[in-house]
>>> print(open('upload_31.cif').read())   # mmCIF, C-alpha atoms
data_data
#
loop_
_atom_site.group_PDB
_atom_site.id
_atom_site.type_symbol
_atom_site.label_atom_id
_atom_site.label_comp_id
_atom_site.auth_asym_id
_atom_site.auth_seq_id
_atom_site.Cartn_x
_atom_site.Cartn_y
_atom_site.Cartn_z
ATOM 1 C CA MET A 1 16.392 -19.565 -10.816
ATOM 2 C CA GLY A 2 19.459 -20.396 -8.849
ATOM 3 C CA THR A 3 18.777 -18.090 -5.951
ATOM 4 C CA LYS A 4 17.890 -19.681 -2.665
ATOM 5 C CA HIS A 5 15.101 -18.588 -0.436
ATOM 6 C CA LEU A 6 16.146 -16.415 2.446
ATOM 7 C CA SER A 7 15.080 -16.927 6.001
ATOM 8 C CA ASN A 8 12.172 -14.765 7.098
ATOM 9 C CA ASP A 9 14.393 -12.574 9.244
ATOM 10 C CA GLU A 10 16.945 -12.003 6.541
ATOM 11 C CA PHE A 11 14.257 -11.333 3.995
ATOM 12 C CA LEU A 12 12.788 -8.585 6.142
ATOM 13 C CA THR A 13 16.129 -6.913 6.798
ATOM 14 C CA ARG A 14 17.031 -7.082 3.126
ATOM 15 C CA LEU A 15 13.633 -5.693 2.225
ATOM 16 C CA THR A 16 14.211 -2.794 4.590
ATOM 17 C CA THR A 17 17.452 -1.923 2.855
ATOM 18 C CA LEU A 18 15.854 -2.412 -0.546
ATOM 19 C CA LEU A 19 13.130 0.071 0.312
ATOM 20 C CA SER A 20 15.562 2.594 1.722
ATOM 21 C CA THR A 21 17.929 2.370 -1.246
ATOM 22 C CA THR A 22 14.990 2.891 -3.561
ATOM 23 C CA HIS A 23 14.205 5.990 -1.582
ATOM 24 C CA THR A 24 17.686 7.412 -1.669
ATOM 25 C CA SER A 25 17.837 6.993 -5.419
ATOM 26 C CA ASN A 26 14.623 9.047 -5.607
ATOM 27 C CA HIS A 27 13.143 6.897 -8.290
ATOM 28 C CA GLY A 28 12.194 3.316 -8.788
ATOM 29 C CA SER A 29 9.763 0.683 -7.702
ATOM 30 C CA VAL A 30 9.594 -2.198 -5.333
ATOM 31 C CA PHE A 31 7.497 -5.194 -6.251
ATOM 32 C CA LEU A 32 6.242 -7.572 -3.625
ATOM 33 C CA THR A 33 4.564 -10.770 -4.673
ATOM 34 C CA GLN A 34 2.942 -13.437 -2.623
ATOM 35 C CA LYS A 35 1.617 -16.732 -3.839
ATOM 36 C CA PRO A 36 0.843 -20.084 -2.343
ATOM 37 C CA LEU A 37 3.713 -22.486 -2.627
ATOM 38 C CA SER A 38 2.561 -25.914 -3.613
ATOM 39 C CA PRO A 39 5.090 -28.725 -3.863
ATOM 40 C CA SER A 40 3.789 -29.738 -7.267
ATOM 41 C CA SER A 41 2.672 -26.496 -8.821
ATOM 42 C CA ALA A 42 2.700 -28.061 -12.275
ATOM 43 C CA ALA A 43 0.319 -30.792 -11.203
ATOM 44 C CA ALA A 44 -1.870 -28.313 -9.369
ATOM 45 C CA SER A 45 -2.892 -26.629 -12.591
ATOM 46 C CA SER A 46 -4.497 -29.757 -13.977
ATOM 47 C CA SER A 47 -6.623 -30.528 -10.949
ATOM 48 C CA ILE A 48 -7.073 -28.932 -7.594
ATOM 49 C CA PRO A 49 -5.544 -31.534 -5.326
ATOM 50 C CA SER A 50 -5.632 -30.219 -1.804
ATOM 51 C CA THR A 51 -8.705 -30.556 0.329
ATOM 52 C CA SER A 52 -7.572 -27.863 2.726
ATOM 53 C CA THR A 53 -8.640 -24.382 1.727
ATOM 54 C CA SER A 54 -5.640 -22.685 3.287
ATOM 55 C CA PRO A 55 -2.312 -23.363 1.649
ATOM 56 C CA PRO A 56 0.390 -24.546 4.014
ATOM 57 C CA GLN A 57 3.120 -22.247 2.753
ATOM 58 C CA ILE A 58 3.344 -18.873 1.128
ATOM 59 C CA LEU A 59 6.142 -17.779 -1.137
ATOM 60 C CA ILE A 60 6.977 -14.110 -0.885
ATOM 61 C CA ARG A 61 9.148 -12.341 -3.385
ATOM 62 C CA ALA A 62 10.529 -8.845 -3.441
ATOM 63 C CA THR A 63 12.320 -7.183 -6.301
ATOM 64 C CA ASN A 64 13.168 -3.742 -7.557
ATOM 65 C CA GLY A 65 12.227 -4.762 -11.060
ATOM 66 C CA LYS A 66 15.467 -3.663 -12.688
ATOM 67 C CA SER A 67 15.917 -4.744 -16.285
ATOM 68 C CA LYS A 68 18.808 -6.441 -17.973
ATOM 69 C CA PRO A 69 21.356 -3.620 -18.241
ATOM 70 C CA HIS A 70 20.980 -3.018 -14.522
ATOM 71 C CA ARG A 71 21.197 -6.702 -13.854
ATOM 72 C CA GLU A 72 24.639 -6.813 -15.408
ATOM 73 C CA LYS A 73 25.743 -4.009 -13.120
ATOM 74 C CA GLY A 74 24.443 -5.933 -10.166
ATOM 75 C CA GLU A 75 21.702 -3.455 -9.375
ATOM 76 C CA LYS A 76 18.942 -5.973 -9.683
ATOM 77 C CA GLU A 77 17.710 -7.053 -6.304
ATOM 78 C CA LYS A 78 15.694 -10.194 -5.915
ATOM 79 C CA LEU A 79 14.646 -11.629 -2.615
ATOM 80 C CA SER A 80 12.377 -14.452 -1.729
ATOM 81 C CA THR A 81 11.281 -16.292 1.343
ATOM 82 C CA VAL A 82 8.854 -19.012 2.304
ATOM 83 C CA VAL A 83 6.520 -18.465 5.225
ATOM 84 C CA ASP A 84 4.942 -21.328 7.126
ATOM 85 C CA LEU A 85 1.423 -21.177 8.388
ATOM 86 C CA GLU A 86 2.662 -21.128 11.984
ATOM 87 C CA GLY A 87 4.944 -18.151 11.478
ATOM 88 C CA MET A 88 2.516 -16.251 9.312
ATOM 89 C CA ASP A 89 0.989 -13.945 11.904
ATOM 90 C CA GLU A 90 4.358 -12.979 13.249
ATOM 91 C CA PHE A 91 5.826 -12.525 9.786
ATOM 92 C CA TYR A 92 3.006 -10.381 8.490
ATOM 93 C CA ARG A 93 3.090 -8.201 11.542
ATOM 94 C CA ARG A 94 6.759 -7.442 10.933
ATOM 95 C CA TYR A 95 6.264 -7.297 7.166
ATOM 96 C CA ALA A 96 3.598 -4.633 7.617
ATOM 97 C CA GLU A 97 5.916 -2.774 9.966
ATOM 98 C CA VAL A 98 8.737 -2.816 7.426
ATOM 99 C CA CYS A 99 6.444 -1.622 4.659
ATOM 100 C CA LYS A 100 4.947 1.125 6.756
ATOM 101 C CA LYS A 101 8.390 2.433 7.597
ATOM 102 C CA GLY A 102 9.870 1.875 4.172
ATOM 103 C CA MET A 103 7.160 3.446 2.066
ATOM 104 C CA GLU A 104 7.826 7.006 3.064
ATOM 105 C CA GLY A 105 6.908 8.493 -0.260
ATOM 106 C CA LEU A 106 3.217 7.982 0.333
ATOM 107 C CA ARG A 107 1.031 10.745 1.605
ATOM 108 C CA LYS A 108 0.876 11.172 5.328
ATOM 109 C CA ARG A 109 -2.455 11.565 6.946
ATOM 110 C CA ASP A 110 -3.619 15.139 6.835
ATOM 111 C CA ARG A 111 -3.199 16.309 10.404
ATOM 112 C CA LYS A 112 -4.933 19.601 9.832
ATOM 113 C CA ALA A 113 -8.081 17.992 8.512
ATOM 114 C CA ARG A 114 -8.138 15.616 11.433
ATOM 115 C CA LYS A 115 -7.756 18.385 13.964
ATOM 116 C CA ARG A 116 -10.579 20.246 12.330
ATOM 117 C CA LYS A 117 -12.695 17.123 12.546
ATOM 118 C CA ASP A 118 -11.895 16.688 16.213
ATOM 119 C CA LYS A 119 -12.850 20.273 16.853
ATOM 120 C CA ASP A 120 -16.172 19.796 15.160
ATOM 121 C CA LYS A 121 -16.799 16.765 17.259
ATOM 122 C CA GLY A 122 -15.964 18.675 20.413
ATOM 123 C CA LYS A 123 -18.476 21.363 19.543
ATOM 124 C CA LYS A 124 -21.185 18.832 19.008
ATOM 125 C CA GLY A 125 -20.248 17.080 22.205
ATOM 126 C CA GLY A 126 -20.595 13.743 20.497
ATOM 127 C CA LYS A 127 -17.839 11.591 21.891
ATOM 128 C CA VAL A 128 -17.100 8.148 20.617
ATOM 129 C CA SER A 129 -17.900 5.830 23.440
ATOM 130 C CA MET B 1 -10.391 -5.128 -14.532
ATOM 131 C CA PRO B 2 -10.905 -1.660 -13.164
ATOM 132 C CA TYR B 3 -9.572 -0.397 -9.893
ATOM 133 C CA LEU B 4 -11.698 -1.113 -6.858
ATOM 134 C CA PRO B 5 -12.957 1.848 -4.877
ATOM 135 C CA ASN B 6 -11.611 1.041 -1.423
ATOM 136 C CA VAL B 7 -9.435 -1.257 0.644
ATOM 137 C CA ASN B 8 -12.275 -3.282 2.069
ATOM 138 C CA SER B 9 -13.878 -4.138 -1.221
ATOM 139 C CA TYR B 10 -10.486 -4.996 -2.643
ATOM 140 C CA LEU B 11 -9.713 -7.360 0.209
ATOM 141 C CA HIS B 12 -13.136 -8.899 0.066
ATOM 142 C CA GLN B 13 -13.069 -9.526 -3.663
ATOM 143 C CA SER B 14 -9.544 -10.872 -3.452
ATOM 144 C CA ALA B 15 -10.561 -13.231 -0.699
ATOM 145 C CA LEU B 16 -13.349 -14.575 -2.873
ATOM 146 C CA LEU B 17 -10.975 -14.998 -5.784
ATOM 147 C CA LEU B 18 -8.463 -16.777 -3.590
ATOM 148 C CA GLN B 19 -11.161 -19.026 -2.282
ATOM 149 C CA ALA B 20 -12.182 -19.953 -5.795
ATOM 150 C CA TYR B 21 -8.647 -20.485 -7.030
ATOM 151 C CA PRO B 22 -6.443 -21.085 -4.011
ATOM 152 C CA THR B 23 -3.420 -22.379 -5.883
ATOM 153 C CA THR B 24 -3.122 -20.161 -8.915
ATOM 154 C CA THR B 25 -3.781 -16.735 -7.469
ATOM 155 C CA ARG B 26 -0.966 -14.370 -6.713
ATOM 156 C CA ILE B 27 -0.924 -10.945 -5.156
ATOM 157 C CA THR B 28 1.534 -8.343 -6.305
ATOM 158 C CA THR B 29 2.179 -5.104 -4.492
ATOM 159 C CA LYS B 30 3.985 -2.413 -6.373
ATOM 160 C CA TYR B 31 5.436 0.529 -4.565
ATOM 161 C CA SER B 32 6.580 3.053 -7.083
ATOM 162 C CA LEU B 33 8.394 6.310 -6.631
ATOM 163 C CA PRO B 34 8.031 8.582 -9.612
ATOM 164 C CA ARG B 35 11.086 10.322 -10.933
ATOM 165 C CA LYS B 36 11.433 13.655 -9.251
ATOM 166 C CA ARG B 37 11.997 16.738 -11.285
ATOM 167 C CA LYS B 38 15.555 17.967 -11.185
ATOM 168 C CA THR B 39 16.102 20.859 -8.832
ATOM 169 C CA LYS B 40 17.510 22.943 -11.672
ATOM 170 C CA ARG B 41 14.421 25.080 -11.395
ATOM 171 C CA SER B 42 15.099 26.045 -7.818
ATOM 172 C CA VAL B 43 18.687 26.858 -8.763
ATOM 173 C CA GLY B 44 17.312 29.179 -11.423
ATOM 174 C CA GLU B 45 15.202 30.859 -8.786
ATOM 175 C CA THR B 46 18.100 31.581 -6.484
ATOM 176 C CA THR B 47 20.233 33.088 -9.226
ATOM 177 C CA GLY B 48 17.131 35.129 -9.922
ATOM 178 C CA GLN B 49 17.370 37.518 -12.817
ATOM 179 C CA PRO B 50 15.036 40.359 -11.868
ATOM 180 C CA ASP B 51 13.292 40.519 -15.225
ATOM 181 C CA ALA B 52 12.331 36.860 -14.927
ATOM 182 C CA SER B 53 10.831 37.257 -11.456
ATOM 183 C CA SER B 54 7.246 36.810 -12.546
ATOM 184 C CA ASP B 55 8.241 33.737 -14.447
ATOM 185 C CA ALA B 56 10.136 32.470 -11.426
ATOM 186 C CA THR B 57 7.097 32.604 -9.171
ATOM 187 C CA GLY B 58 5.208 30.525 -11.670
ATOM 188 C CA ARG B 59 8.042 28.072 -11.669
ATOM 189 C CA ARG B 60 8.162 28.023 -7.920
ATOM 190 C CA ARG B 61 4.537 27.099 -7.779
ATOM 191 C CA ALA B 62 5.130 24.310 -10.217
ATOM 192 C CA GLY B 63 8.060 23.191 -8.121
ATOM 193 C CA ARG B 64 5.894 22.991 -5.053
ATOM 194 C CA GLU B 65 3.457 20.797 -6.845
ATOM 195 C CA HIS B 66 6.245 18.439 -7.700
ATOM 196 C CA GLN B 67 7.595 18.486 -4.193
ATOM 197 C CA THR B 68 4.527 16.796 -2.806
ATOM 198 C CA PRO B 69 5.148 13.094 -2.459
ATOM 199 C CA ALA B 70 3.411 11.293 -5.245
ATOM 200 C CA ALA B 71 4.514 7.745 -4.656
ATOM 201 C CA THR B 72 1.853 5.168 -5.283
ATOM 202 C CA LEU B 73 1.097 1.767 -3.946
ATOM 203 C CA THR B 74 -0.683 -0.481 -6.400
ATOM 204 C CA ILE B 75 -1.904 -3.829 -5.244
ATOM 205 C CA LYS B 76 -3.059 -6.435 -7.657
ATOM 206 C CA THR B 77 -4.599 -9.843 -7.272
ATOM 207 C CA TYR B 78 -4.151 -11.928 -10.375
ATOM 208 C CA GLU B 79 -5.445 -15.361 -11.164
ATOM 209 C CA THR B 80 -3.310 -16.911 -13.838
ATOM 210 C CA MET B 81 -5.761 -19.428 -15.261
ATOM 211 C CA SER B 82 -8.784 -17.224 -15.844
ATOM 212 C CA GLY B 83 -6.889 -13.956 -16.098
ATOM 213 C CA ILE B 84 -9.039 -12.271 -13.482
ATOM 214 C CA CYS B 85 -7.303 -9.261 -12.073
ATOM 215 C CA LEU B 86 -8.336 -7.096 -9.148
ATOM 216 C CA LYS B 87 -6.547 -3.868 -8.477
ATOM 217 C CA TYR B 88 -6.402 -1.178 -5.874
ATOM 218 C CA GLU B 89 -4.268 1.906 -5.886
ATOM 219 C CA THR B 90 -3.537 4.305 -3.079
ATOM 220 C CA ASN B 91 -1.115 7.035 -2.155
ATOM 221 C CA LYS B 92 -2.002 7.200 1.524
ATOM 222 C CA SER B 93 0.519 5.879 3.984
ATOM 223 C CA ALA B 94 -2.278 5.288 6.474
ATOM 224 C CA GLU B 95 -3.623 2.472 4.350
ATOM 225 C CA VAL B 96 -0.395 0.508 4.137
ATOM 226 C CA GLY B 97 -0.841 -1.167 7.496
ATOM 227 C CA ARG B 98 -4.378 -2.157 6.719
ATOM 228 C CA LEU B 99 -3.424 -3.549 3.354
ATOM 229 C CA MET B 100 -0.573 -5.578 4.759
ATOM 230 C CA THR B 101 -2.630 -7.109 7.519
ATOM 231 C CA GLY B 102 -5.237 -7.817 4.869
ATOM 232 C CA LEU B 103 -2.598 -9.600 2.839
ATOM 233 C CA GLY B 104 -1.751 -11.678 5.869
ATOM 234 C CA LYS B 105 -5.353 -12.690 6.188
ATOM 235 C CA LEU B 106 -5.569 -13.481 2.510
ATOM 236 C CA ALA B 107 -2.452 -15.586 2.769
ATOM 237 C CA LYS B 108 -4.081 -17.637 5.475
ATOM 238 C CA GLY B 109 -7.234 -17.963 3.440
ATOM 239 C CA GLU B 110 -9.453 -15.927 5.721
ATOM 240 C CA ILE B 111 -12.369 -14.047 4.267
ATOM 241 C CA THR B 112 -12.516 -10.329 4.776
ATOM 242 C CA GLU B 113 -16.000 -8.943 4.979
ATOM 243 C CA GLU B 114 -16.913 -6.209 2.593
ATOM 244 C CA SER B 115 -18.264 -3.850 5.209
ATOM 245 C CA SER B 116 -16.724 -3.728 8.627
ATOM 246 C CA VAL B 117 -19.562 -4.194 11.086
ATOM 247 C CA PRO B 118 -18.207 -2.439 14.202
ATOM 248 C CA ALA B 119 -17.797 0.804 12.282
ATOM 249 C CA VAL B 120 -21.553 1.396 12.120
ATOM 250 C CA GLY B 121 -21.685 3.661 15.140
ATOM 251 C CA VAL B 122 -18.713 5.592 13.950
ATOM 252 C CA GLU B 123 -20.103 5.810 10.479
ATOM 253 C CA THR B 124 -22.973 8.016 11.524
ATOM 254 C CA ILE B 125 -20.622 10.350 13.328
ATOM 255 C CA GLU B 126 -18.328 10.349 10.342
ATOM 256 C CA ALA B 127 -21.257 11.177 8.147
ATOM 257 C CA LYS B 128 -22.100 14.134 10.348
ATOM 258 C CA THR B 129 -18.594 15.447 10.277
ATOM 259 C CA GLY B 130 -18.621 14.855 6.572
ATOM 260 C CA GLN B 131 -21.574 17.152 6.295
ATOM 261 C CA SER B 132 -19.945 19.812 8.365
ATOM 262 C CA MET B 133 -16.821 19.440 6.309
ATOM 263 C CA ASP B 134 -18.821 20.097 3.194
ATOM 264 C CA MET B 135 -18.649 23.784 3.889
ATOM 265 C CA THR B 136 -14.898 23.907 4.197
ATOM 266 C CA ALA B 137 -13.648 21.076 2.099
ATOM 267 C CA MET B 138 -13.911 20.320 -1.556
ATOM 268 C CA PRO B 139 -16.472 17.760 -2.662
ATOM 269 C CA ALA B 140 -13.717 15.391 -3.679
ATOM 270 C CA LYS B 141 -12.489 15.367 -0.125
ATOM 271 C CA THR B 142 -15.832 14.567 1.416
ATOM 272 C CA GLU B 143 -16.108 11.664 -0.937
ATOM 273 C CA LYS B 144 -13.104 10.167 0.735
ATOM 274 C CA VAL B 145 -14.570 10.324 4.205
ATOM 275 C CA PRO B 146 -16.679 7.180 4.096
ATOM 276 C CA GLU B 147 -13.800 5.412 2.456
ATOM 277 C CA ALA B 148 -11.717 5.824 5.553
ATOM 278 C CA VAL B 149 -14.452 4.602 7.847
ATOM 279 C CA GLY B 150 -13.203 1.051 8.246
ATOM 280 C CA GLY B 151 -9.783 1.999 9.540
ATOM 281 C CA GLY B 152 -10.933 5.256 11.065
ATOM 282 C CA GLY B 153 -13.174 3.402 13.430
ATOM 283 C CA LYS B 154 -10.310 1.309 14.655
ATOM 284 C CA SER B 155 -7.947 4.169 15.234
ATOM 285 C CA LYS B 156 -10.567 6.104 17.097
ATOM 286 C CA LYS B 157 -11.190 3.271 19.465
ATOM 287 C CA LYS B 158 -7.510 3.062 20.158
ATOM 288 C CA LYS B 159 -7.469 6.731 20.919
ATOM 289 C CA GLY B 160 -10.237 6.300 23.425
ATOM 290 C CA LYS B 161 -8.337 3.591 25.225
ATOM 291 C CA LYS B 162 -5.275 5.752 25.604
#
>>> encode(input="upload_31.cif", output="structure tokens")
Amino acid sequence: MGTKHLSNDEFLTRLTTLLSTTHTSNHGSVFLTQKPLSPSSAAASSSIPSTSTSPPQILIRATNGKSKPHREKGEKEKLSTVVDLEGMDEFYRRYAEVCKKGMEGLRKRDRKARKRKDKDKGKKGGKVS
Amino acid sequence: MPYLPNVNSYLHQSALLLQAYPTTTRITTKYSLPRKRKTKRSVGETTGQPDASSDATGRRRAGREHQTPAATLTIKTYETMSGICLKYETNKSAEVGRLMTGLGKLAKGEITEESSVPAVGVETIEAKTGQSMDMTAMPAKTEKVPEAVGGGGKSKKKKGKK
């Protein structure tokens, strides 16, 4: 694969646009994959080399999963980035933010049910301390 | 591998899988928007031939069903060597944040506990409300109540602080 990894910032902005374009087209999917990035992934399969349980880097990919005909039209989107262990907290915080905003098609929390619940609680007088 | 019942058990099982196979496990999240029905039906309604009115109401109802957002978020942990696959599917936007932070933890190799301990106090209250909801809500809905306990506890605490 000739594509280079994006920086974390660029990846997130591109992911935002990817999610929003998927939404405007009213149909489609977005695939997000994360896997540990080991420098010798071929060698890793034969024996587990690292003593550390936490992998140093994580590879994150995002794609809209378009097939070949779309690829020729340039509709296929493929993004990837590598996250270091140091930047992981920060990245995942923003990543979660992007996903929360981007995935609008999911069901919102049922406000009515919650209000009803709150009312019930008020009647019982049982407040969460 | 079947779908796991809730976020916590998914995260916990995935953490165990990642711990066992740290290098060959990958997590895929699929956000999929189903194709929406064309709005031809609503156009038909507005042109409204009077003799088809009864039919139109039926159509309108069907249209409403399709209007509800039915996007799904499927999250899958797959270990390439053994072929173990753990899945969780949701359509609730409230769970996205929890899943993503869970993914962050998984990426760092932290273990997520199956049951969230601080939610115990809340759980009893939730259970009570669940009972009271029994009268109004459908049984399927009450089933979901304990499922939301983990995150529900958190959000409630936040509310209290504000």
>>> resolve_selection(input="upload_31.cif", expression="the PyMOL selection byres ((chain B) within 7 of (chain A))", output="ChimeraX atom specification")
/B:22-23,25-36,69-72,91-94,96-97,100-101,104,107-109,129
>>> atom_distance(input="upload_31.cif", atom1="CA of Lys76 in chain A", atom2="CA of Leu103 in chain B")
25.2 Å
>>> resolve_selection(input="upload_31.cif", expression="the PyMOL selection byres ((chain B and resi 16) around 12)", output="mmCIF file with C-alpha atoms, in the coordinates of the input")
data_model
loop_
_atom_site.group_PDB
_atom_site.id
_atom_site.type_symbol
_atom_site.label_atom_id
_atom_site.label_comp_id
_atom_site.auth_asym_id
_atom_site.auth_seq_id
_atom_site.Cartn_x
_atom_site.Cartn_y
_atom_site.Cartn_z
ATOM 1 C CA THR A 53 -8.640 -24.382 1.727
ATOM 2 C CA SER B 9 -13.878 -4.138 -1.221
ATOM 3 C CA TYR B 10 -10.486 -4.996 -2.643
ATOM 4 C CA LEU B 11 -9.713 -7.360 0.209
ATOM 5 C CA HIS B 12 -13.136 -8.899 0.066
ATOM 6 C CA GLN B 13 -13.069 -9.526 -3.663
ATOM 7 C CA SER B 14 -9.544 -10.872 -3.452
ATOM 8 C CA ALA B 15 -10.561 -13.231 -0.699
ATOM 9 C CA LEU B 17 -10.975 -14.998 -5.784
ATOM 10 C CA LEU B 18 -8.463 -16.777 -3.590
ATOM 11 C CA GLN B 19 -11.161 -19.026 -2.282
ATOM 12 C CA ALA B 20 -12.182 -19.953 -5.795
ATOM 13 C CA TYR B 21 -8.647 -20.485 -7.030
ATOM 14 C CA PRO B 22 -6.443 -21.085 -4.011
ATOM 15 C CA THR B 25 -3.781 -16.735 -7.469
ATOM 16 C CA THR B 77 -4.599 -9.843 -7.272
ATOM 17 C CA GLU B 79 -5.445 -15.361 -11.164
ATOM 18 C CA ILE B 84 -9.039 -12.271 -13.482
ATOM 19 C CA LEU B 86 -8.336 -7.096 -9.148
ATOM 20 C CA LEU B 106 -5.569 -13.481 2.510
ATOM 21 C CA GLY B 109 -7.234 -17.963 3.440
ATOM 22 C CA GLU B 110 -9.453 -15.927 5.721
ATOM 23 C CA ILE B 111 -12.369 -14.047 4.267
ATOM 24 C CA THR B 112 -12.516 -10.329 4.776
ATOM 25 C CA GLU B 113 -16.000 -8.943 4.979
ATOM 26 C CA GLU B 114 -16.913 -6.209 2.593
#
>>> atom_distance(input="upload_31.cif", atom1="CA of Asn6 in chain B", atom2="CA of Leu73 in chain B")
13.0 Å
>>> atom_distance(input="upload_31.cif", atom1="CA of Lys4 in chain A", atom2="CA of Lys105 in chain B")
25.8 Å
>>> residues_near_point(input="upload_31.cif", point="(-9.6, 1.0, -7.8)", cutoff="7 Å", atoms="all atoms listed in the file", output="JSON, numbers by chain")
{"B": [2, 3, 4, 5, 6, 87, 88, 89]}
